[in-house]
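Undergrad: Supplied structure: start-v7.cif, mmCIF, C-alpha atoms.
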data_model
loop_
_atom_site.label_atom_id
_atom_site.label_comp_id
_atom_site.auth_asym_id
_atom_site.auth_seq_id
_atom_site.Cartn_x
_atom_site.Cartn_y
_atom_site.Cartn_z
CA MET A 481 80.66 90.29 58.09
CA ALA A 482 81.50 91.99 61.40
CA LEU A 483 80.74 94.77 63.87
CA VAL A 484 83.58 96.46 65.74
CA VAL A 485 82.66 98.61 68.73
CA ILE A 486 85.37 101.08 69.72
CA CYS A 487 85.04 102.47 73.23
CA GLY A 488 86.99 104.68 75.58
CA GLN A 489 87.06 107.93 77.48
CA PRO A 490 86.57 111.19 75.55
CA CYS A 491 89.77 112.16 73.69
CA SER A 492 91.34 108.76 74.32
CA GLY A 493 92.43 108.07 70.73
CA LYS A 494 89.34 106.21 69.50
CA SER A 495 89.14 107.89 66.08
CA THR A 496 92.85 107.30 65.52
CA ALA A 497 92.31 103.65 66.42
CA ALA A 498 89.33 103.40 64.06
CA ILE A 499 91.35 104.78 61.15
CA ALA A 500 94.32 102.53 61.96
CA LEU A 501 92.05 99.47 62.04
CA ALA A 502 90.33 100.46 58.79
CA ASP A 503 93.71 100.97 57.09
CA ALA A 504 95.01 97.66 58.41
CA LEU A 505 91.92 95.87 57.11
CA GLY A 506 92.42 97.61 53.78
CA ALA A 507 95.83 95.97 53.48
CA VAL A 508 94.34 92.48 53.73
CA ASP A 509 93.93 90.34 50.61
CA PRO A 510 91.14 90.03 49.65
CA LYS A 511 90.28 93.51 50.80
CA PRO A 512 87.03 93.62 52.83
CA SER A 513 84.52 96.44 52.60
CA VAL A 514 85.01 98.66 55.67
CA ARG A 515 82.94 101.58 56.92
CA ILE A 516 83.37 103.82 59.97
CA VAL A 517 80.22 105.17 61.64
CA ASP A 518 80.79 108.10 63.99
CA GLU A 519 79.09 111.27 65.22
CA SER A 520 80.62 113.50 62.54
CA SER A 521 79.45 111.26 59.70
CA LEU A 522 75.90 111.74 61.01
CA HIS A 523 76.37 115.50 61.55
CA LEU A 524 76.18 115.20 65.33
CA GLY A 525 78.27 117.73 67.30
CA ARG A 526 80.21 116.63 70.36
CA ASN A 527 78.98 119.14 72.91
CA PRO A 528 75.33 119.39 71.76
CA SER A 529 75.08 115.59 71.66
CA TYR A 530 76.26 115.21 75.26
CA ALA A 531 74.77 118.39 76.73
CA ASN A 532 72.14 116.45 78.72
CA MET A 533 70.72 112.97 79.09
CA ASN A 534 67.99 113.46 76.49
CA ALA A 535 70.49 114.67 73.88
CA GLU A 536 72.82 111.78 74.70
CA LYS A 537 69.98 109.28 74.46
CA ASN A 538 69.06 110.71 71.06
CA LEU A 539 72.69 110.38 69.93
CA ARG A 540 72.79 106.71 70.88
CA GLY A 541 69.47 106.14 69.14
CA VAL A 542 70.70 107.72 65.90
CA LEU A 543 73.94 105.72 65.98
CA ARG A 544 72.10 102.48 66.78
CA SER A 545 69.65 103.01 63.91
CA GLU A 546 72.49 103.67 61.48
CA VAL A 547 74.31 100.55 62.65
CA ASP A 548 71.13 98.49 62.32
CA ARG A 549 70.61 99.73 58.75
CA SER A 550 74.23 99.21 57.73
CA LEU A 551 75.03 95.78 59.17
CA SER A 552 75.46 93.00 56.63
CA ARG A 553 77.49 89.85 56.04
CA ASP A 554 79.42 91.64 53.30
CA ASN A 555 81.09 94.47 55.22
CA ILE A 556 82.90 95.35 58.42
CA LEU A 557 81.30 98.18 60.36
CA ILE A 558 83.39 100.15 62.87
CA VAL A 559 81.43 102.20 65.42
CA ASP A 560 83.68 105.06 66.51
CA SER A 561 82.00 106.66 69.51
CA LEU A 562 82.30 106.72 73.30
CA ASN A 563 80.14 103.59 73.63
CA ASN A 564 80.69 104.19 77.32
CA ILE A 565 77.62 102.45 78.76
CA LYS A 566 77.59 98.67 79.00
CA GLY A 567 73.85 98.56 78.38
CA TYR A 568 74.40 100.30 75.04
CA ARG A 569 77.21 97.93 74.08
CA TYR A 570 74.78 95.13 74.83
CA GLU A 571 72.29 96.67 72.40
CA LEU A 572 74.95 96.74 69.68
CA TRP A 573 75.87 93.14 70.46
CA CYS A 574 72.21 92.20 70.02
CA LEU A 575 72.22 93.84 66.58
CA ALA A 576 75.31 91.85 65.59
CA ARG A 577 73.75 88.63 66.84
CA ALA A 578 70.56 89.27 64.89
CA ALA A 579 72.65 89.87 61.76
CA GLY A 580 74.61 86.65 62.30
CA ILE A 581 78.06 88.26 62.09
CA ARG A 582 81.28 88.54 64.09
CA TYR A 583 81.56 91.06 66.90
CA CYS A 584 84.41 92.49 68.96
CA VAL A 585 85.28 95.48 71.16
CA LEU A 586 88.39 97.63 70.77
CA HIS A 587 89.09 99.59 73.96
CA CYS A 588 91.37 102.63 74.08
CA ASP A 589 92.48 102.37 77.71
CA THR A 590 93.92 105.86 78.15
CA GLU A 591 94.66 107.46 81.51
CA GLU A 592 92.20 110.20 82.44
CA ASN A 593 94.90 112.87 82.79
CA HIS A 594 96.13 112.18 79.28
CA CYS A 595 92.58 112.44 77.93
CA ARG A 596 92.18 115.71 79.78
CA LYS A 597 95.45 117.08 78.34
CA TRP A 598 94.52 115.98 74.82
CA ASN A 599 91.12 117.64 75.11
CA THR A 600 92.73 120.89 76.27
CA LYS A 601 95.27 120.73 73.45
CA ARG A 602 92.51 120.27 70.88
CA ARG A 603 90.64 123.25 72.31
CA ASP A 604 93.78 125.41 72.25
CA ASN A 605 94.39 124.43 68.61
CA GLY A 606 90.85 125.37 67.65
CA GLU A 607 89.90 121.75 66.98
CA SER A 608 86.71 119.97 68.00
CA SER A 609 86.79 119.40 71.76
CA TYR A 610 84.53 118.84 74.76
CA ASP A 611 83.45 121.57 77.14
CA GLU A 612 85.10 121.01 80.50
CA ASN A 613 81.90 120.18 82.41
CA ILE A 614 80.76 117.73 79.70
CA PHE A 615 84.20 116.12 79.59
CA GLU A 616 84.30 115.57 83.35
CA ASP A 617 80.76 114.15 83.38
CA LEU A 618 81.60 111.67 80.61
CA VAL A 619 84.81 110.60 82.35
CA ARG A 620 82.91 109.98 85.58
CA ARG A 621 80.23 107.87 83.92
CA PHE A 622 82.47 105.69 81.75
CA GLU A 623 81.84 101.97 82.26
CA LYS A 624 84.97 100.05 81.41
CA PRO A 625 84.47 96.93 79.26
CA ASP A 626 84.84 93.55 80.92
CA ARG A 627 85.90 90.62 78.74
CA ARG A 628 83.81 88.31 80.92
CA SER A 629 80.65 89.91 79.49
CA ARG A 630 79.59 88.51 76.14
CA TRP A 631 78.91 92.01 74.79
CA ASP A 632 82.50 93.03 75.65
CA SER A 633 84.11 89.93 74.17
CA PRO A 634 86.42 89.38 72.44
CA LEU A 635 88.13 92.47 73.83
CA PHE A 636 91.21 94.01 72.22
CA GLU A 637 92.97 96.71 74.24
CA LEU A 638 95.13 99.65 73.22
CA TRP A 639 97.05 101.93 75.61
CA PRO A 640 97.42 105.20 73.62
CA SER A 641 98.95 107.15 76.51
CA ARG A 642 101.80 104.61 76.59
CA ASP A 643 102.13 103.36 73.01
CA GLU A 644 101.52 105.04 69.68
CA ILE A 645 98.47 103.75 67.79
CA LYS A 646 99.61 102.20 64.51
CA GLN A 647 98.40 99.63 62.00
CA SER A 648 101.06 97.33 63.44
CA SER A 649 99.87 97.74 67.06
CA GLU A 650 99.36 94.33 68.65
CA ALA A 651 95.67 94.89 69.40
CA ILE A 652 95.02 96.15 65.85
CA SER A 653 96.81 93.14 64.33
CA GLU A 654 94.91 90.71 66.56
CA ALA A 655 91.60 92.35 65.68
CA VAL A 656 92.35 92.13 61.94
CA ILE A 657 93.11 88.41 62.23
CA TYR A 658 89.92 87.83 64.21
CA LEU A 659 87.78 89.79 61.74
CA THR A 660 89.17 88.27 58.54
CA LYS A 661 90.07 84.69 59.46
CA LYS A 662 88.23 82.06 57.43
CA VAL A 663 85.83 80.06 59.57
CA ASP A 664 84.90 76.41 59.20
CA SER A 665 83.52 73.67 61.43
CA LYS A 666 86.91 73.25 63.11
CA THR A 667 87.43 76.92 63.97
CA ARG A 668 87.39 77.54 67.72
CA ASP A 669 89.02 80.96 68.18
CA VAL A 670 86.54 82.97 66.09
CA ARG A 671 82.89 83.25 66.99
CA VAL A 672 80.20 84.15 64.49
CA LEU A 673 77.10 85.16 66.43
CA GLN A 674 74.01 83.16 65.57
CA PRO A 675 70.58 84.82 65.41
CA THR A 676 67.79 83.23 67.41
CA ILE A 677 64.03 83.63 67.38
CA ALA A 678 64.30 85.63 70.60
CA THR A 679 66.97 87.86 69.10
CA GLN A 680 64.99 88.56 65.97
CA SER A 681 61.67 89.29 67.66
CA VAL A 682 62.41 91.00 70.97
CA ARG A 683 66.03 92.12 70.88
CA THR A 684 65.14 95.82 70.93
CA SER A 685 62.81 95.64 73.92
CA GLU A 686 65.25 93.37 75.75
CA ALA A 687 68.12 95.77 75.22
CA ASN A 688 66.03 98.80 76.15
CA SER A 689 64.88 97.11 79.36
CA LEU A 690 68.46 96.35 80.36
CA TYR A 691 69.51 99.93 79.63
CA GLU A 692 66.59 101.48 81.54
CA MET A 693 67.12 99.17 84.52
CA ASP A 694 70.85 99.91 84.53
CA GLN A 695 70.27 103.67 84.42
CA GLY A 696 67.37 103.73 86.88
CA THR A 697 69.08 101.66 89.56
CA GLN A 698 72.28 103.69 89.25
CA GLU A 699 70.34 106.93 89.75
CA VAL A 700 68.82 105.50 92.94
CA ILE A 701 72.27 104.60 94.28
CA ASN A 702 73.56 108.07 93.41
CA ALA A 703 70.62 109.61 95.32
CA VAL A 704 71.31 107.50 98.41
CA ILE A 705 75.02 108.35 98.42
CA ALA A 706 74.31 112.06 97.88
CA ALA A 707 71.73 112.17 100.67
CA GLN A 708 74.01 110.39 103.13
CA SER A 709 76.92 112.68 102.31
CA GLN A 710 74.68 115.62 103.20
CA GLY A 711 73.49 113.95 106.38
CA LEU A 712 69.92 113.57 105.14
CA GLY A 713 69.81 109.81 105.45
CA SER A 714 70.97 109.74 109.04
CA THR A 715 68.69 112.50 110.30
CA MET A 716 65.48 111.91 108.38
CA ASN A 717 65.63 108.21 107.46
CA LYS A 718 63.84 109.16 104.24
CA ILE A 719 65.30 109.93 100.83
CA SER A 720 63.08 111.35 98.11
CA LEU A 721 63.64 110.62 94.45
CA GLY A 722 61.07 113.11 93.26
CA GLN A 723 57.38 113.32 92.55
CA HIS A 724 55.50 110.10 91.73
CA LEU A 725 58.34 107.93 93.01
CA PRO A 726 58.44 106.07 96.35
CA THR A 727 60.62 107.22 99.24
CA ILE A 728 63.68 105.28 100.32
CA ASN A 729 63.51 104.53 104.04
CA ILE A 730 66.83 103.67 105.69
CA GLN A 731 67.81 103.42 109.34
CA ARG A 732 71.58 103.15 109.00
CA SER A 733 74.43 104.33 106.82
CA VAL A 734 74.83 102.15 103.74
CA GLY A 735 78.18 102.15 101.95
CA LEU A 736 78.70 102.12 98.20
CA PRO A 737 80.02 98.51 98.09
CA GLU A 738 76.87 97.25 99.81
CA LEU A 739 74.63 99.31 97.51
CA ARG A 740 76.42 97.95 94.45
CA SER A 741 76.02 94.41 95.76
CA LEU A 742 72.31 94.98 96.33
CA ARG A 743 72.00 96.45 92.83
CA ARG A 744 73.68 93.43 91.23
CA THR A 745 71.42 91.04 93.15
CA PHE A 746 68.33 93.04 92.18
CA ILE A 747 69.23 93.04 88.47
CA LYS A 748 69.90 89.30 88.59
CA LEU A 749 66.62 88.58 90.39
CA THR A 750 64.69 90.82 88.00
CA GLY A 751 66.13 88.94 85.02
CA GLN A 752 65.15 85.59 86.54
CA THR A 753 61.65 86.87 87.25
CA SER A 754 61.20 88.09 83.66
CA LEU A 755 62.10 84.62 82.39
CA SER A 756 59.33 83.12 84.51
CA GLY A 757 56.68 85.41 83.05
CA ARG A 758 56.71 88.85 84.67
CA PRO A 759 58.08 91.45 82.22
CA PRO A 760 61.16 93.49 83.19
CA PRO A 761 60.79 97.26 83.72
CA SER A 762 60.26 99.07 80.43
CA ASP A 763 61.34 102.53 81.60
CA ALA A 764 63.67 104.12 84.13
CA ASP A 765 60.91 105.18 86.55
CA SER A 766 59.54 101.62 86.71
CA ALA A 767 63.04 100.34 87.40
CA LYS A 768 63.47 102.95 90.16
CA ARG A 769 60.17 101.96 91.82
CA MET A 770 61.07 98.27 91.79
CA PHE A 771 64.59 98.92 93.08
CA VAL A 772 63.38 101.23 95.86
CA ASP A 773 60.86 98.58 96.97
CA TYR A 774 63.68 96.04 97.00
CA LEU A 775 65.99 98.35 99.01
CA ASN A 776 63.25 99.12 101.52
CA ARG A 777 62.76 95.39 102.07
CA GLU A 778 66.49 94.74 102.44
CA ILE A 779 67.74 97.78 104.38
CA GLY A 780 64.60 99.78 105.12
CA THR A 781 63.11 100.81 108.43
CA ALA A 782 60.85 98.37 110.16
#
What do you get writing this file as C-alpha cells?
TA:
Amino acid sequence: MALVVICGQPCSGKSTAAIALADALGAVDPKPSVRIVDESSLHLGRNPSYANMNAEKNLRGVLRSEVDRSLSRDNILIVDSLNNIKGYRYELWCLARAAGIRYCVLHCDTEENHCRKWNTKRRDNGESSYDENIFEDLVRRFEKPDRRSRWDSPLFELWPSRDEIKQSSEAISEAVIYLTKKVDSKTRDVRVLQPTIATQSVRTSEANSLYEMDQGTQEVINAVIAAQSQGLGSTMNKISLGQHLPTINIQRSVGLPELRSLRRTFIKLTGQTSLSGRPPPSDADSAKRMFVDYLNREIGTA
C-alpha cells in the first residue's frame, strides 16, 4: 500500500513522529495495516550500529532487506531510522517503485542544538542515546531531503524543536490523507509508483552504484579539502588517497563550491555514460579512481 521513510538528525523526534503517524493512520476508517520498522525491532543497538562505516553499512543492509521482505499492497510500512544519506533513500524509493505502491518522506527538521540537548538528556536519564563522537559524526554527515528529488517527494516536514509532534500536526494529517486517499484515473495529487522492467531486474545494482559513487566522490572531496587546509596541496601539488588509488594533482587552491560543482557534473556525466553502454562504478574505489581522473583533467597540473 505505501512506504513512509522518516528521516532526520539523531534525537530529532523521528520515533515520536513514527508513532504519531501510526496512531493517526489507526484512526482512519477503514483502518489500514501499519507496521514500524526500526533498529530496535531488529535488535540493532544505536552506538554499535554507527560505530564505523562497515557497521553502518550493515545496518542499512539489514533495514533494506527487512523493508524489501515486508512491502506489500496491503500494508503501510514506516521506516523509522536516520535515513540520512540520499543514496539510501533512493534505494528505498526503488523498492517502493518495484512493489508498485505509494511513497513519501517525513522529515523531522530539528535544530542541531536541540538534538544535542535531547541526546544529553536521554543519556542523563539512563535512556538509549548516542555517544558524543558518534552523534557529532552523524550530524555532520546528514543529507537533508530535497523535494525536487523523486526519492524525497512528496516531502512532509515537521519542526519538533518548535512545535509538539501530535497526531493532529499538519504534516502528519497531510501524510495520512496522501497515504489513504482513494485513487482513480482522475487523481492527480497522489502518485502510486509503477514498477518497470528496469526496476524489477536491476534496481539493486542501480541503487548500489549510486550509493558507492556518492560516497566515493565525497571522500575524494573531503581528502582535497583536508590536504589544502594542512597546506599539502599548495606545497606538494599531490594528494594521496591511499594505496592502489591514483594521486590527485592540483596546481592551485580549489574551494568547496567548485569541488561540489565538479562532483555534480561528474555524477551527471557518469550517469549519461552508463546509459550509452559503459557501466557505472560498482564500488567506492572504482568511483574514486574515475573521479580523480576527472579532477586531474579539469584542475590538474599540466
Undergrad: In terms of the shortest atom-to-atom distance over all atoms listed in the file, which of A:Ile645, A:Cys491, A:Val672, A:Ile516 is closest to Arg553 of chain A?
TA: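 Under the stated criterion, the closest residue is A:Val672.
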Undergrad: Run the PyMOL selection byres ((chain A and resi 730-739) around 12) on the file and write out the hits as a PyMOL selection string.
TA: chain A and resi 697-720+727-729+740-746+771-782
Undergrad: Could you write out the selected residues, including C-alpha atoms, as an mmCIF file, in the coordinates of the input?
TA:
data_model
loop_
_atom_site.group_PDB
_atom_site.id
_atom_site.type_symbol
_atom_site.label_atom_id
_atom_site.label_comp_id
_atom_site.auth_asym_id
_atom_site.auth_seq_id
_atom_site.Cartn_x
_atom_site.Cartn_y
_atom_site.Cartn_z
ATOM 1 C CA THR A 697 69.080 101.660 89.560
ATOM 2 C CA GLN A 698 72.280 103.690 89.250
ATOM 3 C CA GLU A 699 70.340 106.930 89.750
ATOM 4 C CA VAL A 700 68.820 105.500 92.940
ATOM 5 C CA ILE A 701 72.270 104.600 94.280
ATOM 6 C CA ASN A 702 73.560 108.070 93.410
ATOM 7 C CA ALA A 703 70.620 109.610 95.320
ATOM 8 C CA VAL A 704 71.310 107.500 98.410
ATOM 9 C CA ILE A 705 75.020 108.350 98.420
ATOM 10 C CA ALA A 706 74.310 112.060 97.880
ATOM 11 C CA ALA A 707 71.730 112.170 100.670
ATOM 12 C CA GLN A 708 74.010 110.390 103.130
ATOM 13 C CA SER A 709 76.920 112.680 102.310
ATOM 14 C CA GLN A 710 74.680 115.620 103.200
ATOM 15 C CA GLY A 711 73.490 113.950 106.380
ATOM 16 C CA LEU A 712 69.920 113.570 105.140
ATOM 17 C CA GLY A 713 69.810 109.810 105.450
ATOM 18 C CA SER A 714 70.970 109.740 109.040
ATOM 19 C CA THR A 715 68.690 112.500 110.300
ATOM 20 C CA MET A 716 65.480 111.910 108.380
ATOM 21 C CA ASN A 717 65.630 108.210 107.460
ATOM 22 C CA LYS A 718 63.840 109.160 104.240
ATOM 23 C CA ILE A 719 65.300 109.930 100.830
ATOM 24 C CA SER A 720 63.080 111.350 98.110
ATOM 25 C CA THR A 727 60.620 107.220 99.240
ATOM 26 C CA ILE A 728 63.680 105.280 100.320
ATOM 27 C CA ASN A 729 63.510 104.530 104.040
ATOM 28 C CA ARG A 740 76.420 97.950 94.450
ATOM 29 C CA SER A 741 76.020 94.410 95.760
ATOM 30 C CA LEU A 742 72.310 94.980 96.330
ATOM 31 C CA ARG A 743 72.000 96.450 92.830
ATOM 32 C CA ARG A 744 73.680 93.430 91.230
ATOM 33 C CA THR A 745 71.420 91.040 93.150
ATOM 34 C CA PHE A 746 68.330 93.040 92.180
ATOM 35 C CA PHE A 771 64.590 98.920 93.080
ATOM 36 C CA VAL A 772 63.380 101.230 95.860
ATOM 37 C CA ASP A 773 60.860 98.580 96.970
ATOM 38 C CA TYR A 774 63.680 96.040 97.000
ATOM 39 C CA LEU A 775 65.990 98.350 99.010
ATOM 40 C CA ASN A 776 63.250 99.120 101.520
ATOM 41 C CA ARG A 777 62.760 95.390 102.070
ATOM 42 C CA GLU A 778 66.490 94.740 102.440
ATOM 43 C CA ILE A 779 67.740 97.780 104.380
ATOM 44 C CA GLY A 780 64.600 99.780 105.120
ATOM 45 C CA THR A 781 63.110 100.810 108.430
ATOM 46 C CA ALA A 782 60.850 98.370 110.160
#
Undergrad: Pick out the residues sitting within 9 Å of Arg544 of chain A, and hand them over as a ChimeraX atom specification; count all atoms listed in the file, and ignore anything fewer than 3 positions along from it in its own chain.
TA: /A:539-541,547-549,568,571-572,575
Undergrad: Any idea what's packed within 9 Å of segment 656-667 of chain A, counting all atoms listed in the file, ignoring anything in its chain fewer than 2 positions away? Could you give it as a ChimeraX atom specification?
TA: /A:481-484,501,504-505,508,512,556,582-584,651-654,669-672
Undergrad: For those residues, write C-alpha atoms to a file as a PDB file, in the coordinates of the input.
TA:
ATOM      1  CA  MET A 481      80.660  90.290  58.090  1.00  0.00           C
ATOM      2  CA  ALA A 482      81.500  91.990  61.400  1.00  0.00           C
ATOM      3  CA  LEU A 483      80.740  94.770  63.870  1.00  0.00           C
ATOM      4  CA  VAL A 484      83.580  96.460  65.740  1.00  0.00           C
ATOM      5  CA  LEU A 501      92.050  99.470  62.040  1.00  0.00           C
ATOM      6  CA  ALA A 504      95.010  97.660  58.410  1.00  0.00           C
ATOM      7  CA  LEU A 505      91.920  95.870  57.110  1.00  0.00           C
ATOM      8  CA  VAL A 508      94.340  92.480  53.730  1.00  0.00           C
ATOM      9  CA  PRO A 512      87.030  93.620  52.830  1.00  0.00           C
ATOM     10  CA  ILE A 556      82.900  95.350  58.420  1.00  0.00           C
ATOM     11  CA  ARG A 582      81.280  88.540  64.090  1.00  0.00           C
ATOM     12  CA  TYR A 583      81.560  91.060  66.900  1.00  0.00           C
ATOM     13  CA  CYS A 584      84.410  92.490  68.960  1.00  0.00           C
ATOM     14  CA  ALA A 651      95.670  94.890  69.400  1.00  0.00           C
ATOM     15  CA  ILE A 652      95.020  96.150  65.850  1.00  0.00           C
ATOM     16  CA  SER A 653      96.810  93.140  64.330  1.00  0.00           C
ATOM     17  CA  GLU A 654      94.910  90.710  66.560  1.00  0.00           C
ATOM     18  CA  ASP A 669      89.020  80.960  68.180  1.00  0.00           C
ATOM     19  CA  VAL A 670      86.540  82.970  66.090  1.00  0.00           C
ATOM     20  CA  ARG A 671      82.890  83.250  66.990  1.00  0.00           C
ATOM     21  CA  VAL A 672      80.200  84.150  64.490  1.00  0.00           C
TER      22      VAL A 672
END
Undergrad: Assuming the chain letters and numbering stay as they are in my file, what does the PyMOL selection byres ((chain A and resi 617-633) around 9) actually select? List them as a VMD selection string.
TA: chain A and resid 485 487 to 490 530 562 to 566 569 to 574 583 to 587 589 592 612 to 616 634 to 636
Undergrad: What does the structure give for the distance between atom CA of Ser609 of chain A and atom CA of Tyr691 of chain A, in Å to one decimal?
TA: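 Going from atom CA of Ser609 of chain A over to atom CA of Tyr691 of chain A, I get 27.2 Å.
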Undergrad: Give me the residues near Ser561 of chain A as a list in words, where near means some atom within 7 Å (using only C-alpha atoms) and where sequence neighbours in that chain fewer than 6 positions away do not count.
TA: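 Here the answer would be Ile486, Cys487, Asp518 and Glu519 of chain A.
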Undergrad: Only C-alpha atoms, please: the residues just picked out, written as a CSV table (one decimal), keeping the file's coordinate frame.
TA:
chain,number,residue,atom,x,y,z
A,486,ILE,CA,85.4,101.1,69.7
A,487,CYS,CA,85.0,102.5,73.2
A,518,ASP,CA,80.8,108.1,64.0
A,519,GLU,CA,79.1,111.3,65.2
Undergrad: Just to confirm, what's the straight-line distance from atom CA of Thr590 of chain A to atom CA of Ser641 of chain A in Å (one decimal)?
TA: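 Atom-to-atom, atom CA of Thr590 of chain A to atom CA of Ser641 of chain A, that is 5.4 Å.
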Undergrad: Pick the closest to Leu638 of chain A from A:Thr496, A:Thr600, A:Pro510, A:Asn605: which is it, counting all atoms listed in the file?
TA: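 For Leu638 of chain A, the nearest of the candidates is A:Thr496.
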Undergrad: Nearest to Ser649 of chain A: which of A:Lys494, A:Glu637, A:Asn593, A:Glu546 is it, counting all atoms listed in the file?
TA: A:Glu637
Undergrad: Could you state the separation of atom CA of Ser552 of chain A and atom CA of Ser689 of chain A in Å, given to one decimal place?
TA: 25.4 Å
Undergrad: Find, counting all atoms listed in the file, the residue in A:Lys768, A:Arg602, A:Lys748, A:Lys646 that gets nearest to Ala498 of chain A.
TA: A:Lys646
Undergrad: Hey, could you patch up segment 572-589 of chain A with N, CA and C atoms and hand it over as a PDB file, in the coordinates of the input?
TA:
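Generated file (result_19.pdb):
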ATOM      1  N   LEU A 572      74.204  96.936  70.924  1.00  0.00           N
ATOM      2  CA  LEU A 572      74.950  96.740  69.680  1.00  0.00           C
ATOM      3  C   LEU A 572      75.282  95.271  69.470  1.00  0.00           C
ATOM      4  N   TRP A 573      75.615  94.580  70.549  1.00  0.00           N
ATOM      5  CA  TRP A 573      75.870  93.140  70.460  1.00  0.00           C
ATOM      6  C   TRP A 573      74.632  92.409  69.976  1.00  0.00           C
ATOM      7  N   CYS A 574      73.469  92.807  70.452  1.00  0.00           N
ATOM      8  CA  CYS A 574      72.210  92.200  70.020  1.00  0.00           C
ATOM      9  C   CYS A 574      71.997  92.392  68.517  1.00  0.00           C
ATOM     10  N   LEU A 575      72.349  93.583  68.014  1.00  0.00           N
ATOM     11  CA  LEU A 575      72.220  93.840  66.580  1.00  0.00           C
ATOM     12  C   LEU A 575      73.134  92.918  65.787  1.00  0.00           C
ATOM     13  N   ALA A 576      74.370  92.737  66.280  1.00  0.00           N
ATOM     14  CA  ALA A 576      75.310  91.850  65.590  1.00  0.00           C
ATOM     15  C   ALA A 576      74.815  90.407  65.625  1.00  0.00           C
ATOM     16  N   ARG A 577      74.261  90.003  66.739  1.00  0.00           N
ATOM     17  CA  ARG A 577      73.750  88.630  66.840  1.00  0.00           C
ATOM     18  C   ARG A 577      72.590  88.418  65.886  1.00  0.00           C
ATOM     19  N   ALA A 578      71.697  89.392  65.798  1.00  0.00           N
ATOM     20  CA  ALA A 578      70.560  89.270  64.890  1.00  0.00           C
ATOM     21  C   ALA A 578      71.010  89.207  63.439  1.00  0.00           C
ATOM     22  N   ALA A 579      72.137  89.876  63.128  1.00  0.00           N
ATOM     23  CA  ALA A 579      72.650  89.870  61.760  1.00  0.00           C
ATOM     24  C   ALA A 579      73.476  88.628  61.451  1.00  0.00           C
ATOM     25  N   GLY A 580      73.833  87.865  62.491  1.00  0.00           N
ATOM     26  CA  GLY A 580      74.610  86.650  62.300  1.00  0.00           C
ATOM     27  C   GLY A 580      76.029  86.911  61.841  1.00  0.00           C
ATOM     28  N   ILE A 581      76.703  87.865  62.507  1.00  0.00           N
ATOM     29  CA  ILE A 581      78.060  88.260  62.090  1.00  0.00           C
ATOM     30  C   ILE A 581      79.020  88.196  63.281  1.00  0.00           C
ATOM     31  N   ARG A 582      80.274  88.481  63.018  1.00  0.00           N
ATOM     32  CA  ARG A 582      81.280  88.540  64.090  1.00  0.00           C
ATOM     33  C   ARG A 582      81.144  89.875  64.834  1.00  0.00           C
ATOM     34  N   TYR A 583      81.671  89.862  66.043  1.00  0.00           N
ATOM     35  CA  TYR A 583      81.560  91.060  66.900  1.00  0.00           C
ATOM     36  C   TYR A 583      82.794  91.107  67.782  1.00  0.00           C
ATOM     37  N   CYS A 584      83.315  92.319  68.001  1.00  0.00           N
ATOM     38  CA  CYS A 584      84.410  92.490  68.960  1.00  0.00           C
ATOM     39  C   CYS A 584      84.418  93.934  69.464  1.00  0.00           C
ATOM     40  N   VAL A 585      85.140  94.151  70.556  1.00  0.00           N
ATOM     41  CA  VAL A 585      85.280  95.480  71.160  1.00  0.00           C
ATOM     42  C   VAL A 585      86.746  95.857  71.165  1.00  0.00           C
ATOM     43  N   LEU A 586      87.034  97.083  70.733  1.00  0.00           N
ATOM     44  CA  LEU A 586      88.390  97.630  70.770  1.00  0.00           C
ATOM     45  C   LEU A 586      88.391  98.786  71.759  1.00  0.00           C
ATOM     46  N   HIS A 587      89.108  98.615  72.864  1.00  0.00           N
ATOM     47  CA  HIS A 587      89.090  99.590  73.960  1.00  0.00           C
ATOM     48  C   HIS A 587      90.366 100.410  73.976  1.00  0.00           C
ATOM     49  N   CYS A 588      90.236 101.726  73.907  1.00  0.00           N
ATOM     50  CA  CYS A 588      91.370 102.630  74.080  1.00  0.00           C
ATOM     51  C   CYS A 588      91.491 102.957  75.563  1.00  0.00           C
ATOM     52  N   ASP A 589      92.341 102.238  76.251  1.00  0.00           N
ATOM     53  CA  ASP A 589      92.480 102.370  77.710  1.00  0.00           C
ATOM     54  C   ASP A 589      93.501 103.458  78.008  1.00  0.00           C
TER      55      ASP A 589
END
